[in-house]
Amino acid sequence: MSAKDKHVDVVVVGAGAGGGVVAKELATNGFQVALLERGRWVRYGVGSNDEMTSMRGPMKRSMGPDLEKNPRVRIEGEGADMKSYPMNGYSSHIASCVGSGTVSYGAMAWRFMEEDFKMESTYGKVEGSTLADWPISYDDLEPYYEKAEWEIGVSGDGDENPFSPPRRKGYPMPAFEQNDDGKVLAEACKRLGLNPFSIPMARNSVPYNGRPGCIRNRTCAGYACPVSAKNGTHNTVIPKAIASGNCDLRVGCQVVEVMVDDDGHARGVRYFDAENVERIQTADIVVVASSATETARLLLNSKSKKFPDGAGNNNDWVGRNLQGHAYTGANGFFPDEVHRFSGPGATLAICDYNHHNPGIIGGGLLANEFYKLPYQFSKMRPPKAARWGLEHKKFQRENFRKFAQVLGPIQEMPNFHSRVIAYEGKKDFWGSPVVGLSGSRHPLDRKHCKFLAEKAEEILKEAGATTTWQNVGGRGQGSGVHQVGTCRMGDDPSISVTNRYGQVHDIDNLFVADGSTFPTNAGFNPSLTILAVGYWIGEYMVNKYS
């Protein structure tokens with residue numbers, strides 16, 4: 001018999017970007033909220049902060065999840081054996097902690113472009129793709145982008161980027177200065193007729209909202225911030241939700257089912273607490289915000305009389321259209337040192353190739369990358385370079401400060417067969433079917449990645465790199481980073497999972513509030529858009545249920 005918790009107005013599953021925002025919007029407007037997070041609080045000095053264990057731990061990561069308890073499987077083909085990959089890129093895990101990816105991300109804070117909300121209208125139908133328009137526009141979301149930038153905190157200069165979509169208000173903090181390789185690359189971009197600018201960052205360039213400015217730490221992307229100058233839901237909206245007295249944050253809670261009654265209404269969730277005691281949290285409203293992979297798994301595992309194939313899945317769209325980002329670009333070595341390691345790197349970007357490229361659908365930004373620490377750099381070698389031994393070590397010593405990258409995420413084409421399933425053949429620690437990843441990227445993704453990689457190499461050569469080589473992405477499955485799409489929003493219930501407000505079709509008190517609602521990704525990191533959608537959905541819920 002499961003233990004029962006005190007009934008609440010709303011239970012939110014997942015304390016990441018979307019869930020943290022929705023919990024704050026509801027709690028500060030008087031709703032009693034239970035916020036359930038499977039991970040725990042992460043601090044820079046408590047979790048590991050060295051490169052080998054934090055970035056490359058084989059089974060346990062400082063940000064979670066514990067991959068022994070949360071395995072995943074990869075479906076290699078129709079009817080093929082299931083193969084488990086707990087230690088490599090096929091796992092496609094995301095951070096598992098309070099704040100989720102907003103603790104460990106590089107903190108690029110991009111608004112999607114106007115075209116990103118109307119991809120089918122802009123480019124037409126694409127064979128083999130489920131390319132679609134969003135049911136909301138950039139204009140609909142613009143006030144919520146602004147709210148995210150000011151409440152979470154973003155540094156930038158909206159006037160620098162000529163391709164920036166219209167905004168009513170500037171950023172709350174000035175842009176970061178260019179680092180050494182950024183300055184070199186910026187001049188090269190200008191000579192090529194491109195438009196370089198400073199990357200908008202959810203990081204304090206100056207003290208903001210009671211927290212200090214960035215200390216230019218190198219261990220940033222992939223790590224918690226030692227001074228709390230990197231901004232996420234863990235140090236902004238979630239503390240506000242708790243301070244309201246209306247939000248009960250519970251960590252170490254693995255939710256295994258959204259309970260749906262025979263009439264098709266969500267009645268709460270079943271979960272295991274930090275002591276692995278099975279519990280039931282009843283609520284008037286359920287919000288799932290657990291990532292595009294985990295949200296889909298939870299809905300698929302939530303079977304009931306009215307939804308035998310999973311909550312909201314009677315039309316077989318839950319888990320479909322999984323997208324991430326294929327990163328593509330080029331690497332280069334310079335004759336002289338091009339950085340002094342004033343962190344975290346990644347200061348310069350261009351958006352000249354983000355849309356309206358002949359023969360290309362969508363596109364992507366290009367940026368100088370976050371600094372590679374020694375272990376990561378040991379893999380950065382031009383073709384035919386020594387990979388071990390004395391020559392490898394010599395190369396590492398002599399070129400560590402002479403290396404630069406120009407990379408970016410290509411806008412992947414969604415397709416129906418790239419998907420998440422709840423795989424019954426393997427169970428997690430709590431007895432639930434695990435995430436199974438199936439399908440592959442659309443063939444056009446490789447073509448688009450090659451296009452962007454060629455542009456990146458051209459910039460490096462113009463900047464003076466003496467050795468360059470392309471790093472072309474676009475194969476495999478789009479699920480590694482920046483996962484979106486598995487519970488897409490839309491006006492037609494037959495080809496979408498939620499309406500424009502994240503409300504699941506046919507289950508009017510069940511909402512989804514994370515990147516899984518995105519019909520399409522963009523050529524940008526999606527975190528700011530997930531935050532903005534969280535504000536959009538949260539405001540709708542407050543107005544509807546108050």
# chains A, B, ... in the order shown; residues from 1 in each chain; ligands from 1
>>> select_by_dssp(residues="region 366-475 of chain A", states="strand (DSSP E or B)", output="VMD selection string")
chain A and resid 366 to 368 370 403 to 410 419 to 427 433 to 438 467 to 471
>>> residues_around(residues="region 100-105 of chain A", least_positions_apart="5", cutoff="8 Å", atoms="only C-alpha atoms", output="PyMOL selection string")
chain A and resi 15-17+42+63+94-95+220-225+230-234+527
>>> closest_atom_pairs(of="region 452-472 of chain A", to="region 331-353 of chain A", cutoff="6 Å", atoms="only C-alpha atoms", output="JSON lines")
{"residue": "A:Ala465", "atom": "CA", "partner": "A:Phe334", "partner_atom": "CA", "distance": 4.4}
{"residue": "A:Thr466", "atom": "CA", "partner": "A:Phe334", "partner_atom": "CA", "distance": 5.6}
{"residue": "A:Thr467", "atom": "CA", "partner": "A:Phe333", "partner_atom": "CA", "distance": 5.3}
{"residue": "A:Thr468", "atom": "CA", "partner": "A:Gly332", "partner_atom": "CA", "distance": 4.3}
{"residue": "A:Trp469", "atom": "CA", "partner": "A:Asn331", "partner_atom": "CA", "distance": 5.5}
>>> write_last_selection(atoms="N, CA and C atoms", output="CSV table (one decimal), in the first residue's frame")
chain,number,residue,atom,x,y,z
A,465,ALA,N,44.5,30.5,-39.1
A,465,ALA,CA,44.8,29.1,-38.7
A,465,ALA,C,45.6,28.4,-39.8
A,466,THR,N,46.7,27.8,-39.4
A,466,THR,CA,47.6,27.1,-40.3
A,466,THR,C,47.2,25.7,-40.6
A,467,THR,N,46.5,25.1,-39.7
A,467,THR,CA,46.0,23.7,-39.8
A,467,THR,C,44.5,23.7,-39.5
A,468,THR,N,43.7,23.3,-40.4
A,468,THR,CA,42.2,23.3,-40.1
A,468,THR,C,41.6,22.0,-40.5
A,469,TRP,N,40.6,21.5,-39.9
A,469,TRP,CA,39.8,20.4,-40.3
A,469,TRP,C,38.4,20.5,-39.8
>>> residues_around(residues="Pro71 (chain A)", least_positions_apart="2", cutoff="7 Å", atoms="only C-alpha atoms", output="NGL selection string")
:A and (67-69 or 73 or 86 or 428 or 434)
>>> residues_around(residues="region 538-541 of chain A", least_positions_apart="4", cutoff="6 Å", atoms="only C-alpha atoms", output="mmCIF file with C-alpha atoms, in the first residue's frame")
data_model
loop_
_atom_site.group_PDB
_atom_site.id
_atom_site.type_symbol
_atom_site.label_atom_id
_atom_site.label_comp_id
_atom_site.auth_asym_id
_atom_site.auth_seq_id
_atom_site.Cartn_x
_atom_site.Cartn_y
_atom_site.Cartn_z
ATOM 1 C CA VAL A 22 5.866 26.940 -13.652
ATOM 2 C CA GLU A 25 4.437 31.211 -11.242
ATOM 3 C CA GLY A 534 7.358 27.887 -18.927
ATOM 4 C CA TYR A 545 -7.549 28.199 -12.400
#
>>> select_by_dssp(residues="region 61-269 of chain A", states="helix (DSSP H, G or I)", output="PyMOL selection string")
chain A and resi 89-91+101-104+114-117+119-123+138-153+180-191+233-235+237-243
>>> write_last_selection(atoms="C-alpha atoms", output="PDB file, in the first residue's frame")
ATOM      1  CA  GLY A  89      26.820   9.109 -26.092  1.00  0.00           C
ATOM      2  CA  TYR A  90      23.901   6.849 -26.930  1.00  0.00           C
ATOM      3  CA  SER A  91      22.678   7.228 -23.350  1.00  0.00           C
ATOM      4  CA  GLY A 101      20.606  21.556 -17.137  1.00  0.00           C
ATOM      5  CA  THR A 102      20.483  25.186 -15.998  1.00  0.00           C
ATOM      6  CA  VAL A 103      23.094  24.268 -13.370  1.00  0.00           C
ATOM      7  CA  SER A 104      25.579  22.725 -15.777  1.00  0.00           C
ATOM      8  CA  GLU A 114      10.669  34.465 -36.112  1.00  0.00           C
ATOM      9  CA  GLU A 115      11.150  31.832 -38.833  1.00  0.00           C
ATOM     10  CA  ASP A 116      11.748  29.135 -36.201  1.00  0.00           C
ATOM     11  CA  PHE A 117       8.083  29.291 -35.198  1.00  0.00           C
ATOM     12  CA  MET A 119       9.195  26.462 -40.442  1.00  0.00           C
ATOM     13  CA  GLU A 120       6.644  24.779 -42.690  1.00  0.00           C
ATOM     14  CA  SER A 121       5.270  28.139 -43.841  1.00  0.00           C
ATOM     15  CA  THR A 122       8.808  29.368 -44.522  1.00  0.00           C
ATOM     16  CA  TYR A 123      10.241  26.297 -46.273  1.00  0.00           C
ATOM     17  CA  TYR A 138       7.439  34.693 -31.870  1.00  0.00           C
ATOM     18  CA  ASP A 139       5.214  37.700 -31.112  1.00  0.00           C
ATOM     19  CA  ASP A 140       3.166  35.563 -28.720  1.00  0.00           C
ATOM     20  CA  LEU A 141       6.291  34.489 -26.851  1.00  0.00           C
ATOM     21  CA  GLU A 142       8.255  37.766 -26.958  1.00  0.00           C
ATOM     22  CA  PRO A 143       6.980  39.150 -23.599  1.00  0.00           C
ATOM     23  CA  TYR A 144       7.916  35.850 -21.944  1.00  0.00           C
ATOM     24  CA  TYR A 145      11.406  35.932 -23.424  1.00  0.00           C
ATOM     25  CA  GLU A 146      11.734  39.366 -21.853  1.00  0.00           C
ATOM     26  CA  LYS A 147      10.475  38.094 -18.511  1.00  0.00           C
ATOM     27  CA  ALA A 148      12.976  35.220 -18.573  1.00  0.00           C
ATOM     28  CA  GLU A 149      15.870  37.524 -19.480  1.00  0.00           C
ATOM     29  CA  TRP A 150      15.119  39.870 -16.597  1.00  0.00           C
ATOM     30  CA  GLU A 151      14.069  37.433 -13.894  1.00  0.00           C
ATOM     31  CA  ILE A 152      16.620  34.714 -14.621  1.00  0.00           C
ATOM     32  CA  GLY A 153      19.259  37.239 -15.724  1.00  0.00           C
ATOM     33  CA  ASP A 180      41.461  36.340 -27.129  1.00  0.00           C
ATOM     34  CA  ASP A 181      40.346  33.881 -29.794  1.00  0.00           C
ATOM     35  CA  GLY A 182      37.023  35.716 -30.027  1.00  0.00           C
ATOM     36  CA  LYS A 183      38.827  38.916 -30.980  1.00  0.00           C
ATOM     37  CA  VAL A 184      40.852  37.156 -33.680  1.00  0.00           C
ATOM     38  CA  LEU A 185      37.789  35.413 -35.092  1.00  0.00           C
ATOM     39  CA  ALA A 186      35.675  38.583 -34.970  1.00  0.00           C
ATOM     40  CA  GLU A 187      38.128  40.435 -37.207  1.00  0.00           C
ATOM     41  CA  ALA A 188      38.159  37.505 -39.628  1.00  0.00           C
ATOM     42  CA  CYS A 189      34.353  37.492 -39.750  1.00  0.00           C
ATOM     43  CA  LYS A 190      34.303  41.194 -40.549  1.00  0.00           C
ATOM     44  CA  ARG A 191      36.785  40.733 -43.395  1.00  0.00           C
ATOM     45  CA  THR A 233      16.080  28.029 -11.990  1.00  0.00           C
ATOM     46  CA  HIS A 234      17.998  26.655  -8.975  1.00  0.00           C
ATOM     47  CA  ASN A 235      19.205  30.118  -7.891  1.00  0.00           C
ATOM     48  CA  VAL A 237      12.764  31.141  -9.484  1.00  0.00           C
ATOM     49  CA  ILE A 238      12.832  27.973  -7.363  1.00  0.00           C
ATOM     50  CA  PRO A 239      14.044  29.865  -4.266  1.00  0.00           C
ATOM     51  CA  LYS A 240      11.239  32.389  -4.908  1.00  0.00           C
ATOM     52  CA  ALA A 241       8.701  29.578  -5.120  1.00  0.00           C
ATOM     53  CA  ILE A 242       9.921  28.112  -1.828  1.00  0.00           C
ATOM     54  CA  ALA A 243      10.019  31.524  -0.154  1.00  0.00           C
TER      55      ALA A 243
END
>>> atom_distance(atom1="CA of Ala522 (chain A)", atom2="CA of Ala107 (chain A)")
16.2 Å
>>> residues_around(residues="region 299-313 of chain A", least_positions_apart="4", cutoff="7 Å", atoms="only C-alpha atoms", output="PyMOL selection string")
chain A and resi 257-262+264+295+317-318+422+497+504-507
>>> residues_around(residues="Val288 (chain A)", least_positions_apart="3", cutoff="8 Å", atoms="only C-alpha atoms", output="compact mmCIF listing (two decimals) with N, CA and C atoms, in the first residue's frame")
# COMPACT_ATOMS: atom_id res chain seq x y z
N VAL A 12 4.18 19.29 -9.71
CA VAL A 12 5.07 19.53 -10.84
C VAL A 12 6.18 18.49 -10.79
N VAL A 13 6.38 17.77 -11.88
CA VAL A 13 7.38 16.72 -11.96
C VAL A 13 8.58 17.25 -12.73
N GLY A 14 9.66 17.53 -12.02
CA GLY A 14 10.88 18.02 -12.65
C GLY A 14 11.16 19.46 -12.29
N GLY A 19 9.88 23.30 -15.40
CA GLY A 19 9.21 23.00 -14.14
C GLY A 19 9.48 24.01 -13.06
N THR A 295 9.97 12.92 -19.96
CA THR A 295 8.55 13.24 -19.99
C THR A 295 7.81 12.24 -20.87
N LEU A 510 -3.87 17.83 -17.18
CA LEU A 510 -2.48 17.37 -17.32
C LEU A 510 -1.76 18.28 -18.31
N PHE A 511 -0.63 18.84 -17.86
CA PHE A 511 0.15 19.77 -18.67
C PHE A 511 1.57 19.25 -18.86
N VAL A 512 2.18 19.65 -19.97
CA VAL A 512 3.60 19.41 -20.23
C VAL A 512 4.26 20.77 -20.37
N ALA A 513 5.39 20.97 -19.67
CA ALA A 513 6.01 22.30 -19.65
C ALA A 513 7.53 22.19 -19.78
N ASP A 514 7.98 21.59 -20.86
CA ASP A 514 9.42 21.52 -21.13
C ASP A 514 9.64 21.51 -22.64
>>> residues_around(residues="Arg297 (chain A)", least_positions_apart="5", cutoff="7 Å", atoms="only C-alpha atoms", output="list in words")
Val420, Ile421, Ala422 and Val435 of chain A
